[in-house]
Amino acid sequence: MTDLAIALQLDEHDGPYWPGEIISGRYGVRTAADDDVRAVELSILWYTVGQGEEDLAVHHFERRAADSDDEGHQANFSSLRHFQSKLPNSPLSYEGILVKIRWCVRVRVFRARGKEALSDKRFFLGAVPRAQAVTPSP
Amino acid sequence: MTRLFRPYGKKRGQRRTGSRRLGSLGEALFFLFFFGVGASGLTLMLTRFAVPEWRANRHFVPAQCVVLNTRIASRQSDDGMQFRPEVLIRYEVHGTTYEAATFDIHQAYSSQREDQAALLAPYQVGGTYSCWYDPADPRVVVLVRGYNWWMWLMLILPTSFVLLGAAGVLRAMLQSSTSVERRSALVRKAAQLDLFDEAPARSRDYPHVPRIDNVTDSPGTHLAYRLPVEMTSGWPLFGMAVFCLFWNGIVVWAAVRVVGDHLAGQRDLRAALVLALFAVAGLALCAHFLRQCLIATGSGATRVEVSGHPFFPGMTYQVFLAQTGRLRIDLLEALLVCEEEAVYQQGTDTRLATERVYQQSFYRRQSLEVRRGRSLEDVTEVHVPVDAMHSFHSDHNEVKWKLIVRAEIPKRRAYQRSFPVVVYPLPEQSDLG
């Protein structure tokens with residue numbers, strides 16, 4: 001049983017996203033103690049998975065610290081906050097053999113006490129089919 | 001216990017073991033050590049050499065002195081006897097007379113006695129010369145001033161240690177106190193602010209797709225662009241050429257000495273034997289190098305031109321192929337290929353894994369003869385699959401597209417040449433409009 005819950009919702013969307021489309025949603029954090037959250041970061045990013053070292057790049061990033069919201073007031077993390085971003089032309093989501101590219105919306109919560117917490121919501125950019133290994137010509 | 005304290009990390013499938021915090025601490029300590037070594041060296045060099053030299057040149061006050069005696073001072077060191085020039089002088093500062101044995105500000109010793117003695121030659125006992133004393137302590141005096149540029153250049157070494165160490169510590173601190181997403185966002189923002197970024201607008205619109213300048217900068221003679229060939233044997237051949245030159249240079253130098261000694265009547269059979277062995281090895285190296293050059297260039301040049309670049313999924317492009325040289329070919333084939341490349345660490349080694357994920361033969365001809373002076377030329381078409389993954393490049397992962405021309409030649413090993421191309425993703429609908 002954890003005393004912290006991250007709410008992360010993507011607005012309804014049929015099928016994969018395409019370059020230039022808007023991705024949008026809401027996020028928030030609920031905790032037992034109000035002062036338990038130091039900051040919350042929302043990122044729209046891609047990362048690689050597979051045999052190689054992991055690469056990662058952030059397309060959209062926003063950070064809310066406890067003591068400074070947009071109006072300079074104490075931030076209210078429990079209320080759902082809207083986000084949106086226009087998706088880039090590349091890289092597209094890809095399920096290769098050695099290289100996999102995955103897009104996600106990630107919320108990372110920095111706590112006053114205890115470890116960071118994070119929540120991911122994966123989505124697909126483009127519809128590149130899964131790759132198959134091919135034997136090279138002799 | 002190992003779950004709580006994991007001193008080293010491993011990559012297990014898609015995750016890493018090991019503590020990030022401990023990793024950052026280790027990195028910070030490593031760079032702190034660099035910083036400490038650099039700072040100590042820099043402090044030592046500044047206080048012992050640079051600042052005294054600077055003060056002697058800029059702040060010491062000129063005066064006249066009388067030479068009372070000159071001598072070569074000596075000391076015993078691990079490398080044998082060392083020497084330095086010493087001139088005993090008498091000079092006056094504000095009515096007070098001082099006597100000092102001096103020369104320059106460093107008072108450094110050297111093993112070359114003759115060189116040090118030559119430095120004393122201009123000073124005659126009883127003669128009057130210029131000297132410079134320290135206004136803060138008139139007992140400190142020099143007869144010779146000037147800058148030792150070598151010492152100032154040496155300052156670069158500890159300074160670079162200090163800068164590297166400080167940057168490393170700052171980086172480790174930043175890594176431990178910020179999330180990976182925030183660091184990536186900062187890097188992205190910095191890249192957008194780069195005033196000197198000459199990347200074309202198209203490259204900026206397609207993040208992590210390789211740039212196409214090296215292809216579009218080279219126009220073709222039959223079609224729009226001539227594709228650059230991927231160099232696979234160039235660097236090994238260059239390395240071999242350098243080694244060959246180095247080895248045979250030593251052999252020639254040794255041969256000149258041995259022949260010189262021989263002509264002078266000093267015959268050394270053992271040296272001549274060793275030289276002969278080295279010379280044989282040098283000749284073998286030259287032969288191997290020439291053979292590799294012939295293999296690399298003997299099949300003639302292959303030229304590939306395309307009607308458009310970058311490639312887009314679902315599109316068809318004309319391809320012009322030209323093969324020069326003088327050879328009979330059993331099979332000449334052109335392929336459109338997509339390969340994945342992943343760089344990973346295995347222990348302390350950096351390894352590269354490659355996997356081919358697409359291959360399409362779009363040109364195939366058998367039993368051909370290429371005559372000298374008349375290149376084999378043909379035009380064909382290549383179709384990029386509509387659902388193709390675009391070219392992708394990041395620090396450790398890559399999706400590469402290329403055209404490969406391969407030839408099977410009778411009684412010889414088949415050769416193939418690669419011509420990288422860039423496949424872009426289809427642009428957003430509004431761009432097609």
# chains A, B, ... in the order shown; residues from 1 in each chain; ligands from 1
$ select_by_dssp --residues "chain A" --states "strand (DSSP E or B)" --output "ChimeraX atom specification"
/A:4-10,17,22-31,37-50,56-65,68,81-86,94-95,99-111,117-123,125
$ residues_around --residues "stretch 110-119 of chain A" --least-positions-apart "2" --cutoff "8 Å" --atoms "only C-alpha atoms" --output "PyMOL selection string"
chain A and resi 6+8+35-40+106-108+121
$ write_last_selection --atoms "N, CA and C atoms" --output "PDB file, in the first residue's frame"
ATOM      1  N   ILE A   6      -0.098   8.551  -8.579  1.00  0.00           N
ATOM      2  CA  ILE A   6       0.090   9.455  -9.725  1.00  0.00           C
ATOM      3  C   ILE A   6      -1.049   9.220 -10.717  1.00  0.00           C
ATOM      4  N   LEU A   8      -2.293   9.891 -14.413  1.00  0.00           N
ATOM      5  CA  LEU A   8      -1.803  10.318 -15.734  1.00  0.00           C
ATOM      6  C   LEU A   8      -2.767   9.781 -16.790  1.00  0.00           C
ATOM      7  N   ASP A  35       2.718  18.328   2.073  1.00  0.00           N
ATOM      8  CA  ASP A  35       4.085  18.820   1.848  1.00  0.00           C
ATOM      9  C   ASP A  35       5.048  17.708   1.430  1.00  0.00           C
ATOM     10  N   ASP A  36       4.508  16.557   1.045  1.00  0.00           N
ATOM     11  CA  ASP A  36       5.380  15.423   0.704  1.00  0.00           C
ATOM     12  C   ASP A  36       5.988  15.556  -0.692  1.00  0.00           C
ATOM     13  N   VAL A  37       5.410  16.404  -1.536  1.00  0.00           N
ATOM     14  CA  VAL A  37       5.899  16.514  -2.920  1.00  0.00           C
ATOM     15  C   VAL A  37       6.743  17.781  -3.066  1.00  0.00           C
ATOM     16  N   ARG A  38       7.975  17.602  -3.509  1.00  0.00           N
ATOM     17  CA  ARG A  38       8.868  18.761  -3.732  1.00  0.00           C
ATOM     18  C   ARG A  38       8.671  19.323  -5.141  1.00  0.00           C
ATOM     19  N   ALA A  39       8.547  18.411  -6.109  1.00  0.00           N
ATOM     20  CA  ALA A  39       8.388  18.853  -7.506  1.00  0.00           C
ATOM     21  C   ALA A  39       7.796  17.723  -8.334  1.00  0.00           C
ATOM     22  N   VAL A  40       7.147  18.106  -9.415  1.00  0.00           N
ATOM     23  CA  VAL A  40       6.594  17.121 -10.358  1.00  0.00           C
ATOM     24  C   VAL A  40       7.066  17.510 -11.755  1.00  0.00           C
ATOM     25  N   ARG A 106       5.670  10.706 -19.363  1.00  0.00           N
ATOM     26  CA  ARG A 106       6.193  10.268 -18.060  1.00  0.00           C
ATOM     27  C   ARG A 106       5.988  11.358 -17.018  1.00  0.00           C
ATOM     28  N   VAL A 107       5.516  10.945 -15.875  1.00  0.00           N
ATOM     29  CA  VAL A 107       5.414  11.878 -14.742  1.00  0.00           C
ATOM     30  C   VAL A 107       6.379  11.386 -13.667  1.00  0.00           C
ATOM     31  N   ARG A 108       7.261  12.268 -13.249  1.00  0.00           N
ATOM     32  CA  ARG A 108       8.216  11.915 -12.196  1.00  0.00           C
ATOM     33  C   ARG A 108       7.952  12.816 -10.996  1.00  0.00           C
ATOM     34  N   LYS A 121       3.073   6.451 -19.500  1.00  0.00           N
ATOM     35  CA  LYS A 121       1.944   6.062 -20.351  1.00  0.00           C
ATOM     36  C   LYS A 121       2.502   5.983 -21.767  1.00  0.00           C
TER      37      LYS A 121
END
$ closest_atom_pairs --of "chain A" --to "chain B" --cutoff "6 Å" --atoms "only C-alpha atoms" --output "CSV"
residue,atom,partner,partner_atom,distance
A:Pro19,CA,B:Glu428,CA,5.3
A:Gly20,CA,B:Glu428,CA,5.6
A:Gly52,CA,B:Ala342,CA,4.4
A:Glu53,CA,B:Tyr344,CA,5.2
A:Ala57,CA,B:Ser184,CA,5.8
A:Val58,CA,B:Ala185,CA,5.6
A:Asn89,CA,B:Tyr206,CA,5.5
A:Ser90,CA,B:Tyr206,CA,5.4
A:Val128,CA,B:Asp387,CA,5.7
A:Gln132,CA,B:Val357,CA,5.5
A:Ala133,CA,B:Val357,CA,4.6
A:Val134,CA,B:Val357,CA,5.1
$ write_last_selection --atoms "C-alpha atoms" --output "PDB file, in the first residue's frame"
ATOM      1  CA  PRO A  19       3.779  13.394 -36.830  1.00  0.00           C
ATOM      2  CA  GLY A  20       2.340  16.868 -36.329  1.00  0.00           C
ATOM      3  CA  GLY A  52      22.604  -1.064 -27.224  1.00  0.00           C
ATOM      4  CA  GLU A  53      23.020   1.408 -24.409  1.00  0.00           C
ATOM      5  CA  ALA A  57      15.437  12.455 -25.723  1.00  0.00           C
ATOM      6  CA  VAL A  58      12.733  14.692 -24.335  1.00  0.00           C
ATOM      7  CA  ASN A  89       8.233  14.209 -37.444  1.00  0.00           C
ATOM      8  CA  SER A  90      10.727  11.764 -35.975  1.00  0.00           C
ATOM      9  CA  VAL A 128       6.043   1.159 -38.640  1.00  0.00           C
ATOM     10  CA  GLN A 132      12.160  -9.131 -39.062  1.00  0.00           C
ATOM     11  CA  ALA A 133      15.747 -10.340 -39.198  1.00  0.00           C
ATOM     12  CA  VAL A 134      17.040 -10.967 -42.733  1.00  0.00           C
TER      13      VAL A 134
END
$ atom_distance --atom1 "atom CA of B:Arg364" --atom2 "atom CA of B:Glu377"
13.1 Å
$ residues_around --residues "B:Ala172" --least-positions-apart "6" --cutoff "9 Å" --atoms "only C-alpha atoms" --output "list in words"
Gly23, Ser24, Leu25, Gly26, Glu27, Ala28 and Phe31 of chain B
$ write_last_selection --atoms "C-alpha atoms" --output "tab-separated table (two decimals), in the first residue's frame"
chain	number	residue	atom	x	y	z
B	23	GLY	CA	27.62	5.67	-9.43
B	24	SER	CA	27.37	9.46	-9.25
B	25	LEU	CA	29.37	9.47	-6.01
B	26	GLY	CA	32.09	7.33	-7.60
B	27	GLU	CA	32.17	9.60	-10.64
B	28	ALA	CA	32.38	12.69	-8.44
B	31	PHE	CA	36.88	13.72	-11.00
$ closest_residue --among "A:Leu87, A:Thr135, A:Asp120, A:Ile97" --to "A:Pro16" --atoms "only C-alpha atoms"
A:Leu87
$ atom_distance --atom1 "atom CA of B:Arg211" --atom2 "atom CA of B:Val423"
10.4 Å
$ closest_residue --among "A:Lys100, A:Ala32, A:Ala5, A:Glu41" --to "A:Glu54" --atoms "only C-alpha atoms"
A:Lys100
$ select_by_dssp --residues "stretch 16-183 of chain B" --states "alpha helix (DSSP H)" --output "ChimeraX atom specification"
/B:20-45,51-58,113-120,149-154,156-177,180-183
$ residues_around --residues "A:Leu45" --least-positions-apart "6" --cutoff "7 Å" --atoms "only C-alpha atoms" --output "ChimeraX atom specification"
/A:57-60,103-105
$ write_last_selection --atoms "N, CA and C atoms" --output "PDB file, in the first residue's frame"
ATOM      1  N   ALA A  57      15.524  11.026 -25.405  1.00  0.00           N
ATOM      2  CA  ALA A  57      15.437  12.455 -25.723  1.00  0.00           C
ATOM      3  C   ALA A  57      14.038  12.951 -25.375  1.00  0.00           C
ATOM      4  N   VAL A  58      14.000  14.121 -24.769  1.00  0.00           N
ATOM      5  CA  VAL A  58      12.733  14.692 -24.335  1.00  0.00           C
ATOM      6  C   VAL A  58      12.219  15.648 -25.404  1.00  0.00           C
ATOM      7  N   HIS A  59      10.956  15.494 -25.768  1.00  0.00           N
ATOM      8  CA  HIS A  59      10.342  16.377 -26.755  1.00  0.00           C
ATOM      9  C   HIS A  59       9.624  17.531 -26.069  1.00  0.00           C
ATOM     10  N   HIS A  60       8.956  17.251 -24.949  1.00  0.00           N
ATOM     11  CA  HIS A  60       8.209  18.283 -24.221  1.00  0.00           C
ATOM     12  C   HIS A  60       8.491  18.077 -22.733  1.00  0.00           C
ATOM     13  N   TRP A 103       7.916   5.652 -27.395  1.00  0.00           N
ATOM     14  CA  TRP A 103       7.469   6.968 -26.947  1.00  0.00           C
ATOM     15  C   TRP A 103       6.603   6.800 -25.706  1.00  0.00           C
ATOM     16  N   CYS A 104       6.694   7.758 -24.800  1.00  0.00           N
ATOM     17  CA  CYS A 104       5.809   7.714 -23.637  1.00  0.00           C
ATOM     18  C   CYS A 104       5.637   9.110 -23.039  1.00  0.00           C
ATOM     19  N   VAL A 105       4.585   9.242 -22.257  1.00  0.00           N
ATOM     20  CA  VAL A 105       4.415  10.427 -21.416  1.00  0.00           C
ATOM     21  C   VAL A 105       4.810   9.964 -20.020  1.00  0.00           C
TER      22      VAL A 105
END
$ residues_around --residues "B:Gly300" --least-positions-apart "6" --cutoff "12 Å" --atoms "only C-alpha atoms" --output "PyMOL selection string"
chain B and resi 293-294+322-328+370-376+407+415-417
$ write_last_selection --atoms "N, CA and C atoms" --output "mmCIF file, in the first residue's frame"
data_model
loop_
_atom_site.group_PDB
_atom_site.id
_atom_site.type_symbol
_atom_site.label_atom_id
_atom_site.label_comp_id
_atom_site.auth_asym_id
_atom_site.auth_seq_id
_atom_site.Cartn_x
_atom_site.Cartn_y
_atom_site.Cartn_z
ATOM 1 N N CYS B 293 46.273 -3.049 -51.425
ATOM 2 C CA CYS B 293 45.902 -1.924 -52.299
ATOM 3 C C CYS B 293 45.281 -2.439 -53.589
ATOM 4 N N LEU B 294 45.890 -3.521 -54.145
ATOM 5 C CA LEU B 294 45.370 -4.088 -55.389
ATOM 6 C C LEU B 294 43.978 -4.662 -55.190
ATOM 7 N N ALA B 322 27.474 2.381 -62.438
ATOM 8 C CA ALA B 322 28.622 2.333 -63.357
ATOM 9 C C ALA B 322 29.758 1.571 -62.702
ATOM 10 N N GLN B 323 30.336 0.638 -63.454
ATOM 11 C CA GLN B 323 31.461 -0.154 -62.954
ATOM 12 C C GLN B 323 32.623 -0.007 -63.937
ATOM 13 N N THR B 324 33.759 0.460 -63.439
ATOM 14 C CA THR B 324 34.924 0.596 -64.317
ATOM 15 C C THR B 324 35.934 -0.513 -64.010
ATOM 16 N N GLY B 325 37.018 -0.549 -64.764
ATOM 17 C CA GLY B 325 38.068 -1.546 -64.531
ATOM 18 C C GLY B 325 38.202 -2.454 -65.751
ATOM 19 N N ARG B 326 38.810 -3.609 -65.522
ATOM 20 C CA ARG B 326 38.941 -4.612 -66.591
ATOM 21 C C ARG B 326 38.732 -5.964 -65.917
ATOM 22 N N LEU B 327 37.512 -6.447 -65.997
ATOM 23 C CA LEU B 327 37.213 -7.686 -65.286
ATOM 24 C C LEU B 327 35.992 -8.394 -65.869
ATOM 25 N N ARG B 328 35.967 -9.700 -65.619
ATOM 26 C CA ARG B 328 34.777 -10.485 -65.981
ATOM 27 C C ARG B 328 33.977 -10.703 -64.709
ATOM 28 N N VAL B 370 33.694 -6.231 -68.293
ATOM 29 C CA VAL B 370 33.983 -4.795 -68.269
ATOM 30 C C VAL B 370 35.345 -4.601 -68.910
ATOM 31 N N ARG B 371 35.390 -3.761 -69.946
ATOM 32 C CA ARG B 371 36.662 -3.541 -70.664
ATOM 33 C C ARG B 371 37.284 -2.243 -70.193
ATOM 34 N N ARG B 372 38.625 -2.226 -70.218
ATOM 35 C CA ARG B 372 39.344 -1.027 -69.808
ATOM 36 C C ARG B 372 38.950 0.154 -70.692
ATOM 37 N N GLY B 373 38.678 1.267 -70.085
ATOM 38 C CA GLY B 373 38.324 2.474 -70.828
ATOM 39 C C GLY B 373 36.837 2.558 -71.170
ATOM 40 N N ARG B 374 36.105 1.425 -70.976
ATOM 41 C CA ARG B 374 34.655 1.470 -71.263
ATOM 42 C C ARG B 374 33.915 0.929 -70.048
ATOM 43 N N SER B 375 33.356 1.823 -69.263
ATOM 44 C CA SER B 375 32.708 1.361 -68.041
ATOM 45 C C SER B 375 31.347 0.739 -68.367
ATOM 46 N N LEU B 376 30.972 -0.178 -67.499
ATOM 47 C CA LEU B 376 29.651 -0.798 -67.617
ATOM 48 C C LEU B 376 28.640 0.150 -66.981
ATOM 49 N N ALA B 407 29.583 -7.907 -56.456
ATOM 50 C CA ALA B 407 29.970 -8.579 -57.695
ATOM 51 C C ALA B 407 30.688 -9.882 -57.376
ATOM 52 N N TYR B 415 33.262 -9.076 -54.138
ATOM 53 C CA TYR B 415 33.429 -7.816 -53.414
ATOM 54 C C TYR B 415 32.098 -7.086 -53.374
ATOM 55 N N GLN B 416 31.945 -6.236 -52.389
ATOM 56 C CA GLN B 416 30.730 -5.425 -52.340
ATOM 57 C C GLN B 416 31.060 -4.025 -51.840
ATOM 58 N N ARG B 417 30.312 -3.073 -52.370
ATOM 59 C CA ARG B 417 30.522 -1.672 -51.978
ATOM 60 C C ARG B 417 29.198 -1.077 -51.513
#
$ atom_distance --atom1 "atom CA of B:Val87" --atom2 "atom CA of B:Leu44"
26.9 Å
$ residues_around --residues "B:Val125" --least-positions-apart "3" --cutoff "8 Å" --atoms "only C-alpha atoms" --output "number ranges by chain"
B: 66-70
$ residues_around --residues "stretch 222-234 of chain B" --least-positions-apart "4" --cutoff "10 Å" --atoms "only C-alpha atoms" --output "CSV table (one decimal) with N, CA and C atoms, in the first residue's frame"
chain,number,residue,atom,x,y,z
B,214,ASN,N,26.1,15.4,-47.1
B,214,ASN,CA,27.2,14.8,-47.8
B,214,ASN,C,26.8,14.2,-49.1
B,215,VAL,N,25.5,13.9,-49.3
B,215,VAL,CA,25.0,13.3,-50.5
B,215,VAL,C,24.5,14.4,-51.5
B,216,THR,N,23.7,15.4,-50.9
B,216,THR,CA,23.2,16.4,-51.8
B,216,THR,C,24.2,17.4,-52.3
B,217,ASP,N,25.4,17.4,-51.6
B,217,ASP,CA,26.5,18.3,-52.0
B,217,ASP,C,27.2,17.8,-53.3
B,218,SER,N,26.9,16.5,-53.6
B,218,SER,CA,27.7,15.9,-54.7
B,218,SER,C,26.7,15.6,-55.9
B,238,PHE,N,45.4,2.9,-44.6
B,238,PHE,CA,46.2,4.1,-44.2
B,238,PHE,C,47.1,3.7,-43.0
B,239,GLY,N,46.5,2.9,-42.0
B,239,GLY,CA,47.3,2.5,-40.8
B,239,GLY,C,48.5,1.6,-41.3
B,240,MET,N,48.2,0.7,-42.3
B,240,MET,CA,49.2,-0.2,-42.7
B,240,MET,C,50.3,0.6,-43.5
B,292,GLN,N,47.1,-5.6,-50.6
B,292,GLN,CA,45.8,-5.0,-50.1
B,292,GLN,C,45.3,-3.9,-51.0
B,293,CYS,N,46.3,-3.0,-51.4
B,293,CYS,CA,45.9,-1.9,-52.3
B,293,CYS,C,45.3,-2.4,-53.6
B,295,ILE,N,43.8,-5.3,-54.0
B,295,ILE,CA,42.4,-5.9,-53.7
B,295,ILE,C,41.4,-4.8,-53.7
B,296,ALA,N,41.8,-3.6,-53.0
B,296,ALA,CA,40.9,-2.5,-52.8
B,296,ALA,C,40.6,-1.8,-54.1
B,301,ALA,N,36.4,1.3,-60.1
B,301,ALA,CA,35.5,2.1,-59.2
B,301,ALA,C,34.1,1.7,-59.5
B,302,THR,N,33.3,1.8,-58.5
B,302,THR,CA,31.8,1.6,-58.7
B,302,THR,C,31.1,2.9,-58.4
B,303,ARG,N,30.3,3.4,-59.3
B,303,ARG,CA,29.6,4.7,-59.1
B,303,ARG,C,28.1,4.5,-59.1
B,304,VAL,N,27.5,5.1,-58.1
B,304,VAL,CA,26.0,5.0,-58.0
B,304,VAL,C,25.4,6.4,-57.9
B,305,GLU,N,24.5,6.7,-58.8
B,305,GLU,CA,23.8,8.0,-58.7
B,305,GLU,C,22.3,7.7,-58.6
B,306,VAL,N,21.6,8.6,-57.9
B,306,VAL,CA,20.1,8.5,-57.7
B,306,VAL,C,19.4,9.7,-58.1
B,307,SER,N,18.1,9.5,-58.5
B,307,SER,CA,17.3,10.6,-59.0
B,307,SER,C,16.8,11.6,-57.9
B,308,GLY,N,16.8,11.1,-56.7
B,308,GLY,CA,16.3,11.9,-55.6
B,308,GLY,C,16.9,11.5,-54.3
B,309,HIS,N,17.0,12.5,-53.4
B,309,HIS,CA,17.5,12.2,-52.0
B,309,HIS,C,17.1,13.3,-51.1
B,318,GLN,N,15.1,6.4,-59.5
B,318,GLN,CA,16.0,5.9,-60.6
B,318,GLN,C,17.4,5.8,-60.0
B,319,VAL,N,18.1,4.7,-60.4
B,319,VAL,CA,19.4,4.5,-59.9
B,319,VAL,C,20.3,4.2,-61.1
B,320,PHE,N,21.4,5.0,-61.2
B,320,PHE,CA,22.4,4.8,-62.3
B,320,PHE,C,23.6,4.1,-61.7
B,321,LEU,N,24.0,2.9,-62.3
B,321,LEU,CA,25.1,2.2,-61.8
B,321,LEU,C,26.2,2.2,-62.9
B,379,VAL,N,20.9,1.8,-66.0
B,379,VAL,CA,19.9,2.6,-65.2
B,379,VAL,C,18.8,1.6,-64.8
B,402,LYS,N,21.1,1.7,-46.9
B,402,LYS,CA,22.2,1.8,-47.9
B,402,LYS,C,21.9,1.0,-49.2
B,403,LEU,N,22.5,1.4,-50.3
B,403,LEU,CA,22.5,0.6,-51.5
B,403,LEU,C,23.8,-0.1,-51.5
B,404,ILE,N,23.7,-1.4,-51.8
B,404,ILE,CA,24.9,-2.2,-51.8
B,404,ILE,C,25.1,-2.8,-53.3
B,417,ARG,N,30.3,-3.1,-52.4
B,417,ARG,CA,30.5,-1.7,-52.0
B,417,ARG,C,29.2,-1.1,-51.5
B,418,SER,N,29.3,-0.3,-50.4
B,418,SER,CA,28.1,0.2,-49.8
B,418,SER,C,28.0,1.7,-50.1
B,419,PHE,N,26.7,2.2,-50.3
B,419,PHE,CA,26.5,3.6,-50.6
B,419,PHE,C,25.4,4.0,-49.6
B,420,PRO,N,25.7,4.7,-48.5
B,420,PRO,CA,24.6,5.0,-47.6
B,420,PRO,C,23.6,6.0,-48.2
B,421,VAL,N,22.4,5.8,-47.8
B,421,VAL,CA,21.3,6.8,-48.2
B,421,VAL,C,20.5,7.0,-46.9
